[in-house]
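A.B. asks: Data file input_28.cif (mmCIF, C-alpha atoms) is appended below.
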```
data_structure
loop_
_atom_site.label_atom_id
_atom_site.label_comp_id
_atom_site.auth_asym_id
_atom_site.auth_seq_id
_atom_site.Cartn_x
_atom_site.Cartn_y
_atom_site.Cartn_z
CA MET A 1 0.00 0.00 0.00
CA ILE A 2 1.26 3.47 -0.76
CA ARG A 3 1.16 5.82 2.19
CA PRO A 4 1.31 9.51 1.43
CA ARG A 5 3.70 11.57 3.51
CA THR A 6 2.18 13.21 6.58
CA GLY A 7 1.97 16.68 5.04
CA VAL A 8 0.18 15.36 1.97
CA ARG A 9 -2.00 13.22 4.14
CA ALA A 10 -3.10 16.16 6.24
CA ALA A 11 -3.92 18.15 3.13
CA LEU A 12 -5.91 15.24 1.76
CA ALA A 13 -7.78 14.86 5.04
CA ALA A 14 -8.62 18.55 5.07
CA ALA A 15 -9.87 18.35 1.49
CA LEU A 16 -11.95 15.29 2.36
CA VAL A 17 -13.50 17.03 5.37
CA ALA A 18 -14.30 20.07 3.24
CA VAL A 19 -15.99 17.92 0.58
CA THR A 20 -17.94 15.90 3.15
CA VAL A 21 -19.17 19.00 4.92
CA GLY A 22 -20.12 20.49 1.59
CA LEU A 23 -22.09 17.39 0.64
CA ALA A 24 -23.73 17.04 4.03
CA ALA A 25 -25.02 20.60 4.09
CA PRO A 26 -28.65 20.44 3.00
CA PRO A 27 -29.23 21.97 -0.41
CA ALA A 28 -31.40 25.05 -0.64
CA ARG A 29 -34.97 23.93 -0.11
CA ALA A 30 -38.44 25.30 0.14
CA VAL A 31 -38.96 24.46 3.81
CA GLY A 32 -39.17 27.33 6.23
CA ALA A 33 -36.87 27.01 9.22
CA ASN A 34 -39.82 26.99 11.59
CA GLU A 35 -41.14 23.83 9.95
CA ALA A 36 -38.27 21.52 10.94
CA LEU A 37 -38.71 19.07 13.79
CA PRO A 38 -36.46 19.53 16.82
CA ASP A 39 -35.57 15.80 16.94
CA PRO A 40 -32.90 15.28 14.24
CA ALA A 41 -33.76 11.57 13.81
CA LEU A 42 -37.43 12.36 13.18
CA GLU A 43 -36.51 15.26 10.93
CA ALA A 44 -34.26 12.94 8.90
CA ARG A 45 -37.16 10.52 8.49
CA ALA A 46 -39.40 13.40 7.45
CA ARG A 47 -36.90 14.47 4.78
CA GLU A 48 -36.64 10.90 3.49
CA LEU A 49 -40.43 10.73 3.19
CA PHE A 50 -40.64 14.13 1.49
CA LYS A 51 -38.32 12.91 -1.25
CA GLU A 52 -40.61 9.97 -2.00
CA LEU A 53 -43.78 12.04 -2.16
CA ARG A 54 -44.97 13.81 -5.25
CA CYS A 55 -46.15 17.38 -5.13
CA LEU A 56 -49.58 16.97 -6.69
CA VAL A 57 -49.72 20.54 -7.90
CA CYS A 58 -46.43 20.56 -9.83
CA GLN A 59 -46.48 16.78 -10.37
CA ASN A 60 -42.84 16.35 -11.34
CA GLN A 61 -41.32 17.57 -8.12
CA SER A 62 -41.19 15.95 -4.73
CA ILE A 63 -42.79 17.82 -1.85
CA ASP A 64 -39.23 18.28 -0.60
CA ASP A 65 -38.42 20.41 -3.64
CA SER A 66 -41.69 22.18 -4.13
CA ASP A 67 -42.70 25.66 -3.11
CA ALA A 68 -46.38 24.96 -3.67
CA GLU A 69 -48.78 25.66 -0.85
CA LEU A 70 -50.14 22.10 -0.88
CA ALA A 71 -46.60 20.68 -0.72
CA ARG A 72 -46.00 22.80 2.37
CA ASP A 73 -49.26 21.57 3.92
CA LEU A 74 -48.30 17.97 3.20
CA ARG A 75 -44.86 18.49 4.75
CA ILE A 76 -46.50 19.85 7.89
CA LEU A 77 -48.88 16.91 7.89
CA VAL A 78 -46.10 14.34 7.51
CA ARG A 79 -44.15 15.97 10.35
CA GLU A 80 -47.24 15.98 12.55
CA ARG A 81 -47.84 12.30 11.94
CA LEU A 82 -44.20 11.52 12.69
CA LEU A 83 -44.51 13.42 15.97
CA ALA A 84 -47.66 11.42 16.72
CA GLY A 85 -45.54 8.28 16.40
CA ASP A 86 -46.74 6.98 13.02
CA SER A 87 -44.48 4.62 11.10
CA ASN A 88 -43.34 5.53 7.57
CA GLU A 89 -45.71 2.88 6.20
CA GLU A 90 -48.65 4.38 8.06
CA ILE A 91 -47.88 7.81 6.68
CA ILE A 92 -47.56 6.47 3.14
CA ARG A 93 -50.86 4.64 3.55
CA PHE A 94 -52.49 7.80 4.90
CA LEU A 95 -51.46 9.70 1.79
CA THR A 96 -52.11 7.01 -0.82
CA SER A 97 -55.61 6.49 0.60
CA ARG A 98 -56.27 10.15 -0.27
CA TYR A 99 -54.23 10.77 -3.38
CA GLY A 100 -53.72 7.29 -4.76
CA ASP A 101 -50.39 5.74 -5.77
CA PHE A 102 -49.77 8.86 -7.83
CA VAL A 103 -48.55 10.62 -4.70
CA LEU A 104 -45.58 8.23 -4.67
CA LEU A 105 -42.74 9.18 -6.98
CA LYS A 106 -41.79 5.50 -7.20
CA PRO A 107 -44.72 3.37 -8.34
CA PRO A 108 -45.26 0.32 -6.12
CA LEU A 109 -44.97 -3.18 -7.56
CA LYS A 110 -48.54 -4.40 -8.06
CA ALA A 111 -50.49 -6.50 -10.51
CA SER A 112 -51.26 -3.35 -12.51
CA THR A 113 -47.62 -2.21 -12.59
CA VAL A 114 -45.91 -5.54 -13.29
CA ALA A 115 -45.42 -4.63 -16.96
CA LEU A 116 -43.91 -1.28 -15.96
CA TRP A 117 -41.39 -2.88 -13.63
CA THR A 118 -40.46 -5.93 -15.67
CA ALA A 119 -40.50 -4.51 -19.22
CA PRO A 120 -37.03 -2.85 -19.02
CA PHE A 121 -35.42 -6.07 -17.78
CA ALA A 122 -37.30 -8.18 -20.30
CA LEU A 123 -36.22 -5.87 -23.12
CA LEU A 124 -32.63 -5.92 -21.88
CA LEU A 125 -32.69 -9.73 -21.85
CA ILE A 126 -34.18 -9.91 -25.34
CA GLY A 127 -31.66 -7.39 -26.65
CA GLY A 128 -28.78 -9.24 -24.97
CA ALA A 129 -29.94 -12.54 -26.42
CA VAL A 130 -30.15 -11.03 -29.91
CA VAL A 131 -26.63 -9.60 -29.63
CA VAL A 132 -25.19 -12.89 -28.35
CA LEU A 133 -26.90 -14.92 -31.07
CA ARG A 134 -25.78 -12.59 -33.84
CA LEU A 135 -22.20 -12.47 -32.62
CA ARG A 136 -22.12 -16.23 -32.43
CA ALA A 137 -23.57 -16.58 -35.92
CA ARG A 138 -21.00 -14.17 -37.30
CA ARG A 139 -18.13 -16.02 -35.67
CA THR A 140 -19.18 -19.42 -37.08
CA ALA A 141 -19.64 -17.83 -40.49
CA ARG A 142 -16.08 -16.53 -40.42
CA GLU A 143 -14.53 -19.75 -39.17
CA ALA A 144 -12.52 -21.69 -41.79
CA ARG A 145 -14.10 -24.83 -43.13
CA PRO A 146 -12.13 -27.56 -44.86
CA LEU A 147 -11.99 -27.30 -48.63
CA ASP A 148 -14.17 -29.69 -50.58
CA ALA A 149 -12.78 -31.96 -53.31
CA GLN A 150 -13.44 -29.53 -56.13
CA GLU A 151 -11.74 -26.62 -54.37
CA ARG A 152 -8.79 -28.77 -53.47
CA ALA A 153 -8.35 -29.81 -57.08
CA ARG A 154 -8.48 -26.19 -58.20
CA LEU A 155 -5.97 -25.11 -55.60
CA ARG A 156 -3.63 -27.88 -56.69
CA ALA A 157 -3.98 -26.84 -60.30
CA LEU A 158 -3.14 -23.23 -59.42
CA LEU A 159 -0.11 -24.23 -57.42
CA ASP A 160 1.07 -26.55 -60.17
CA ASP A 161 0.64 -23.82 -62.72
CA ASP A 162 3.18 -21.74 -60.90
CA GLY A 163 5.92 -24.01 -62.04
CA ASP A 164 7.52 -23.63 -58.62
CA ASP A 165 7.08 -26.85 -56.71
CA GLY A 166 7.54 -25.28 -53.28
CA GLY A 167 3.85 -25.12 -52.43
CA LYS A 168 3.06 -28.68 -53.42
CA GLY A 169 1.02 -30.58 -50.92
CA ALA A 170 0.25 -27.45 -48.89
CA GLY A 171 -3.43 -27.58 -49.73
CA ALA A 172 -5.99 -27.20 -46.91
CA MET B 1 -36.67 -16.86 -41.50
CA ARG B 2 -35.42 -13.85 -43.48
CA ARG B 3 -39.03 -12.77 -44.08
CA LEU B 4 -39.86 -13.11 -40.39
CA LEU B 5 -36.93 -10.83 -39.62
CA PHE B 6 -38.62 -8.16 -41.70
CA ILE B 7 -42.20 -8.79 -40.66
CA LEU B 8 -41.62 -8.81 -36.89
CA PRO B 9 -40.24 -5.26 -36.51
CA ALA B 10 -42.80 -3.97 -38.99
CA ALA B 11 -45.61 -5.60 -37.01
CA ALA B 12 -44.19 -4.18 -33.77
CA LEU B 13 -44.09 -0.71 -35.34
CA VAL B 14 -47.70 -0.94 -36.52
CA LEU B 15 -48.86 -2.20 -33.11
CA LEU B 16 -47.01 0.53 -31.20
CA SER B 17 -48.29 3.23 -33.57
CA ALA B 18 -51.83 2.01 -33.02
CA ILE B 19 -51.41 2.12 -29.24
CA PHE B 20 -49.92 5.61 -29.37
CA ILE B 21 -52.61 6.95 -31.68
CA ILE B 22 -55.41 5.53 -29.54
CA LEU B 23 -53.96 6.75 -26.25
CA LEU B 24 -52.93 10.16 -27.56
CA SER B 25 -56.22 10.90 -29.25
CA ARG B 26 -58.23 10.13 -26.13
CA PRO B 27 -59.25 13.39 -24.53
CA ARG B 28 -57.41 12.99 -21.26
CA ASP B 29 -55.63 15.63 -19.25
CA PRO B 30 -52.47 14.03 -17.85
CA GLY B 31 -52.66 16.54 -15.00
CA GLU B 32 -55.83 14.90 -13.76
CA ILE B 33 -55.05 12.37 -11.09
CA PRO B 34 -57.53 9.53 -10.74
CA SER B 35 -59.20 9.76 -7.34
CA PRO B 36 -59.01 6.75 -5.04
CA PHE B 37 -62.30 7.93 -3.52
CA ILE B 38 -64.59 6.88 -6.35
CA GLY B 39 -66.89 4.22 -4.92
CA LYS B 40 -65.86 5.03 -1.35
CA PRO B 41 -67.87 6.75 1.38
CA VAL B 42 -67.20 10.43 2.04
CA PRO B 43 -64.51 10.85 4.68
CA ALA B 44 -65.81 11.96 8.07
CA PHE B 45 -65.26 15.63 8.80
CA ARG B 46 -66.58 18.43 10.93
CA LEU B 47 -65.98 22.09 10.22
CA PRO B 48 -67.52 25.39 11.25
CA ALA B 49 -70.09 26.74 8.83
CA LEU B 50 -68.95 29.78 6.88
CA ASP B 51 -72.03 31.73 7.96
CA GLY B 52 -71.23 30.95 11.59
CA ASP B 53 -74.39 28.90 11.93
CA GLY B 54 -73.19 25.73 13.62
CA GLU B 55 -71.11 23.08 11.92
CA VAL B 56 -71.03 21.31 8.60
CA SER B 57 -70.10 17.63 8.53
CA ASP B 58 -70.19 14.54 6.33
CA VAL B 59 -73.79 14.05 7.52
CA ASP B 60 -74.69 17.05 5.33
CA LEU B 61 -73.55 15.02 2.31
CA LYS B 62 -75.79 12.04 2.99
CA GLY B 63 -79.45 11.24 2.40
CA ARG B 64 -79.65 13.08 -0.94
CA VAL B 65 -77.67 13.21 -4.12
CA SER B 66 -75.16 15.96 -3.37
CA VAL B 67 -72.61 18.02 -5.22
CA PHE B 68 -69.66 18.91 -3.02
CA ASN B 69 -67.74 21.80 -4.50
CA VAL B 70 -64.34 23.00 -3.29
CA PHE B 71 -63.98 26.72 -3.93
CA ALA B 72 -62.22 29.87 -2.77
CA SER B 73 -62.71 33.56 -3.40
CA TRP B 74 -59.06 33.84 -4.53
CA CYS B 75 -59.59 31.14 -7.13
CA LEU B 76 -60.28 32.60 -10.56
CA PRO B 77 -61.44 29.38 -12.28
CA CYS B 78 -64.07 29.11 -9.52
CA LYS B 79 -65.65 32.22 -10.98
CA ILE B 80 -65.87 30.49 -14.37
CA GLU B 81 -67.87 27.54 -13.04
CA HIS B 82 -69.94 29.60 -10.64
CA PRO B 83 -72.92 30.05 -13.02
CA ILE B 84 -73.10 26.25 -13.41
CA LEU B 85 -73.36 25.84 -9.65
CA MET B 86 -76.02 28.57 -9.54
CA ARG B 87 -77.92 26.63 -12.19
CA MET B 88 -77.71 23.38 -10.21
CA ALA B 89 -78.99 25.19 -7.13
CA ARG B 90 -81.84 26.76 -9.12
CA GLU B 91 -82.90 23.46 -10.65
CA GLY B 92 -82.88 21.96 -7.17
CA LYS B 93 -82.36 18.34 -8.20
CA VAL B 94 -79.28 18.00 -6.04
CA ARG B 95 -78.05 19.53 -2.84
CA VAL B 96 -75.04 21.76 -3.47
CA VAL B 97 -72.60 21.91 -0.57
CA GLY B 98 -69.46 24.05 -0.56
CA LEU B 99 -66.03 23.61 0.96
CA ASN B 100 -64.46 27.02 1.26
CA TYR B 101 -60.77 26.21 0.88
CA LYS B 102 -58.07 28.28 2.61
CA ASP B 103 -60.06 31.44 2.42
CA LYS B 104 -60.71 34.36 4.70
CA PRO B 105 -64.39 34.08 5.74
CA ALA B 106 -64.93 37.78 5.06
CA ASP B 107 -63.53 37.44 1.51
CA ALA B 108 -65.67 34.37 0.85
CA LYS B 109 -68.82 36.11 2.06
CA LYS B 110 -68.12 39.14 -0.07
CA TRP B 111 -67.50 36.91 -3.12
CA LEU B 112 -70.81 35.10 -2.57
CA ALA B 113 -72.69 38.36 -2.01
CA GLU B 114 -71.40 39.59 -5.37
CA LEU B 115 -71.91 36.44 -7.45
CA GLY B 116 -74.76 34.74 -5.62
CA ASN B 117 -74.68 31.82 -3.22
CA PRO B 118 -75.49 28.42 -4.75
CA TYR B 119 -74.60 26.46 -1.61
CA ALA B 120 -77.10 24.96 0.81
CA ARG B 121 -74.29 24.72 3.32
CA ILE B 122 -70.68 25.88 3.31
CA ALA B 123 -67.91 24.39 5.42
CA ALA B 124 -65.04 26.75 6.18
CA ASP B 125 -61.78 24.83 5.71
CA GLU B 126 -59.36 27.61 6.57
CA LYS B 127 -56.39 25.28 7.10
CA GLY B 128 -57.18 23.07 4.11
CA ARG B 129 -57.04 19.90 6.19
CA VAL B 130 -60.44 18.55 5.21
CA ALA B 131 -59.58 19.18 1.57
CA ILE B 132 -56.53 16.92 2.02
CA ASP B 133 -58.83 14.26 3.53
CA PHE B 134 -60.79 14.46 0.28
CA GLY B 135 -57.61 14.19 -1.81
CA VAL B 136 -58.05 17.69 -3.17
CA TYR B 137 -54.96 19.11 -4.86
CA GLY B 138 -56.31 22.24 -6.45
CA VAL B 139 -59.41 24.39 -6.55
CA PRO B 140 -61.99 24.04 -7.89
CA GLU B 141 -62.78 20.37 -7.53
CA THR B 142 -66.26 18.90 -7.45
CA PHE B 143 -67.46 15.61 -6.02
CA ILE B 144 -70.79 14.02 -6.86
CA ILE B 145 -72.06 11.95 -3.96
CA ASP B 146 -75.00 9.54 -4.04
CA ALA B 147 -77.80 9.44 -1.47
CA THR B 148 -75.98 6.83 0.60
CA GLY B 149 -72.92 9.04 0.92
CA ILE B 150 -70.70 7.23 -1.58
CA ILE B 151 -68.48 9.41 -3.79
CA ARG B 152 -69.37 8.48 -7.36
CA TYR B 153 -67.64 11.08 -9.49
CA LYS B 154 -64.95 13.71 -9.21
CA HIS B 155 -64.39 16.63 -11.51
CA ILE B 156 -61.05 18.41 -11.42
CA GLY B 157 -60.89 22.05 -12.43
CA PRO B 158 -63.74 24.34 -13.37
CA ILE B 159 -66.87 22.77 -14.83
CA HIS B 160 -67.31 24.26 -18.30
CA PRO B 161 -70.84 24.32 -19.73
CA GLY B 162 -69.97 21.58 -22.24
CA GLU B 163 -68.54 19.37 -19.52
CA TYR B 164 -71.60 20.00 -17.40
CA ALA B 165 -73.89 18.71 -20.11
CA GLU B 166 -71.66 15.81 -21.16
CA LYS B 167 -70.24 14.57 -17.89
CA ILE B 168 -71.99 15.99 -14.84
CA VAL B 169 -75.65 15.85 -15.87
CA PRO B 170 -75.55 12.15 -16.89
CA VAL B 171 -73.98 11.19 -13.55
CA ILE B 172 -76.53 13.22 -11.60
CA GLU B 173 -79.43 11.76 -13.60
CA ARG B 174 -78.13 8.24 -13.01
CA LEU B 175 -77.78 8.79 -9.27
CA LEU B 176 -81.25 10.33 -9.06
CA ARG B 177 -82.69 7.27 -10.82
CA GLU B 178 -80.84 5.04 -8.37
CA GLU B 179 -82.31 6.98 -5.50
CA ARG B 180 -85.88 6.49 -6.77
CA PRO B 181 -86.01 3.17 -8.55
#
```
Can you turn what I pasted into structure tokens?

C.D. replies:
Amino acid sequence: MIRPRTGVRAALAAALVAVTVGLAAPPARAVGANEALPDPALEARARELFKELRCLVCQNQSIDDSDAELARDLRILVRERLLAGDSNEEIIRFLTSRYGDFVLLKPPLKASTVALWTAPFALLLIGGAVVVLRLRARRTAREARPLDAQERARLRALLDDDGDDGGKGAGA
Amino acid sequence: MRRLLFILPAAALVLLSAIFIILLSRPRDPGEIPSPFIGKPVPAFRLPALDGDGEVSDVDLKGRVSVFNVFASWCLPCKIEHPILMRMAREGKVRVVGLNYKDKPADAKKWLAELGNPYARIAADEKGRVAIDFGVYGVPETFIIDATGIIRYKHIGPIHPGEYAEKIVPVIERLLREERP
């Protein structure tokens, strides 16, 4: 293992700390400071849930990203339910019973969504199979096959024609 | 084999085109989210009445075919559909109940005084919590509820006169027939 010298190592560590801190700092978001829960563990769960929930007004943003009034109301609601001791599943059920699966950014695996979930993998398999089969076919096509009697006779005639006897018997 | 190699992609193309044409030509607004409430009873709620006269609850949506309309004075599209609601109230076939969404009561009253009040009862949902219980994500939204209190239809956005005739009236007529067989 290569160990950097102490000075370099310290610089690297400092850089790493700077990057980590930079990444850990929450990105600018639409939540007012007064909305956050005092318990950091609960607040972390709230943020996880927000990212999974669709803002129904803007439809392509999560309620974590959205500035819409309804997104704010839903954030408050999720935080309230977390404070009341609800599990994540209970909160998701609470929202899907009102807004349907559409409120989830990730569609759940169900009988009606089987095609949605399996189609990409099925297509990848089919595509992979086609590629493998074609490559194999091409390779066998290019592989040398022994000359038949007619070809051998022709080759011999050509070699004989040369007058030089060096290639005699080198057929096939 | 060679012919199959040609026919298969061509067939797939034709099939996909057909699916796209059918789905794209259907008049559907992708912004409209199907409501999980269709066929379900109205959620229980209890809110103060806008006029200060007691409370409005889910009981007010039962026993008669009802139209439950979510509106606000700050909502411009609500003004567009307002004449339709006035017409429903005038014809008197259904009970029209309002949910005043995130509105100042004074503003709502002024709005109704100006445009007319089609609502038999109005629940004041200042925090918008009851609207969330109904899966509302924008105003206006309109629910049609049968006499037993089951939500049978939901309209998202303002009801335009054409939509009223084509979508709302048939549902109301059907529910009225169900009520009096």

A.B. asks: Determine the residue set returned by the PyMOL selection byres ((chain A) within 8 of (chain B)) for the present structure, and present it as an mmCIF file with C-alpha atoms, in the frame of the given file.

C.D. replies:
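Saved result, selection-v6.cif, follows:
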```
data_model
loop_
_atom_site.group_PDB
_atom_site.id
_atom_site.type_symbol
_atom_site.label_atom_id
_atom_site.label_comp_id
_atom_site.auth_asym_id
_atom_site.auth_seq_id
_atom_site.Cartn_x
_atom_site.Cartn_y
_atom_site.Cartn_z
ATOM 1 C CA LEU A 56 -49.580 16.970 -6.690
ATOM 2 C CA VAL A 57 -49.720 20.540 -7.900
ATOM 3 C CA GLN A 59 -46.480 16.780 -10.370
ATOM 4 C CA LEU A 70 -50.140 22.100 -0.880
ATOM 5 C CA SER A 97 -55.610 6.490 0.600
ATOM 6 C CA ARG A 98 -56.270 10.150 -0.270
ATOM 7 C CA TYR A 99 -54.230 10.770 -3.380
ATOM 8 C CA GLY A 100 -53.720 7.290 -4.760
ATOM 9 C CA PHE A 102 -49.770 8.860 -7.830
#
```

A.B. asks: The PyMOL selection byres ((chain B and resi 97) around 7) on the file shown: which residues, as a PyMOL selection string?

C.D. replies: chain B and resi 67-69+95-96+98-99+119-122

A.B. asks: Given the file shown, enumerate the residues that the PyMOL selection byres ((chain B and resi 158-168) around 10) captures and present them as a PyMOL selection string.

C.D. replies: chain B and resi 67+71+76-85+139-144+153-157+169-173

A.B. asks: Within 7 Å of segment 77-88 of chain A, counting all atoms listed in the file, which residues qualify if same-chain residues fewer than 4 places away don't, as a list of chain:residue names?

C.D. replies: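 Neighbouring residues, sequence-local ones excluded: A:Leu42, A:Ala46, A:Asp73, A:Ile92.
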
A.B. asks: Output the selection as a JSON list (two decimals), in the coordinates of the input - C-alpha atoms for each residue.

C.D. replies:
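As written to disk, part17.json reads:
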```json
[["chain", "number", "residue", "atom", "x", "y", "z"],
["A", 42, "LEU", "CA", -37.43, 12.36, 13.18],
["A", 46, "ALA", "CA", -39.40, 13.40, 7.45],
["A", 73, "ASP", "CA", -49.26, 21.57, 3.92],
["A", 92, "ILE", "CA", -47.56, 6.47, 3.14]]
```

A.B. asks: Out of B:Val94, B:Leu13, B:Lys102, B:Leu4, which residue has the shortest atom-to-atom distance to Glu69 of chain A when counting all atoms listed in the file?

C.D. replies: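 Among the listed residues, the smallest separation from Glu69 of chain A belongs to B:Lys102.
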
A.B. asks: Could you check how far atom CA of Lys106 of chain A sits from atom CA of Ile63 of chain A, in Å to one decimal?

C.D. replies: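 For atom CA of Lys106 of chain A relative to atom CA of Ile63 of chain A, the distance reads 13.5 Å.
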
A.B. asks: Quote the spacing between atom CA of Glu114 of chain B and atom CA of Met86 of chain B in Å to one decimal place.

C.D. replies: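 These two atoms are separated by 12.7 Å.
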
A.B. asks: Skip Asp67 of chain A itself and residues of its chain fewer than 2 positions away, then list as a list in words all residues within 10 Å of it, counting all atoms listed in the file.

C.D. replies: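 What passes the distance filter is Arg29, Ala30, Val31, Cys55, Val57, Cys58, Gln61, Ser62, Ile63, Asp64, Asp65, Glu69, Leu70, Ala71 and Arg72 of chain A.
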
A.B. asks: For the atom pair atom CA of Leu50 of chain B and atom CA of Lys62 of chain B, what is the interatomic distance in Å to one decimal place?

C.D. replies: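 Separation of atom CA of Leu50 of chain B and atom CA of Lys62 of chain B: 19.4 Å.
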
A.B. asks: Give me the residues within 7 Å of Gly39 of chain B as number ranges by chain, counting all atoms listed in the file and dropping any in the same chain fewer than 3 places off.

C.D. replies: B: 150-152

A.B. asks: Return the single residue from A:Arg75, A:Thr96, A:Pro108, A:Ala68 that is closest to Glu48 of chain A, with distances computed using all atoms listed in the file.

C.D. replies: A:Arg75

A.B. asks: Once 4 Å is added on each side, what centre and edge lengths in Å to one decimal does the axis-aligned box around all listed atoms of segment 93-108 of chain B have, as JSON?

C.D. replies:
```
{"center_x": -70.2, "center_y": 27.9, "center_z": -1.2, "size_x": 32.3, "size_y": 27.8, "size_z": 21.9}
```
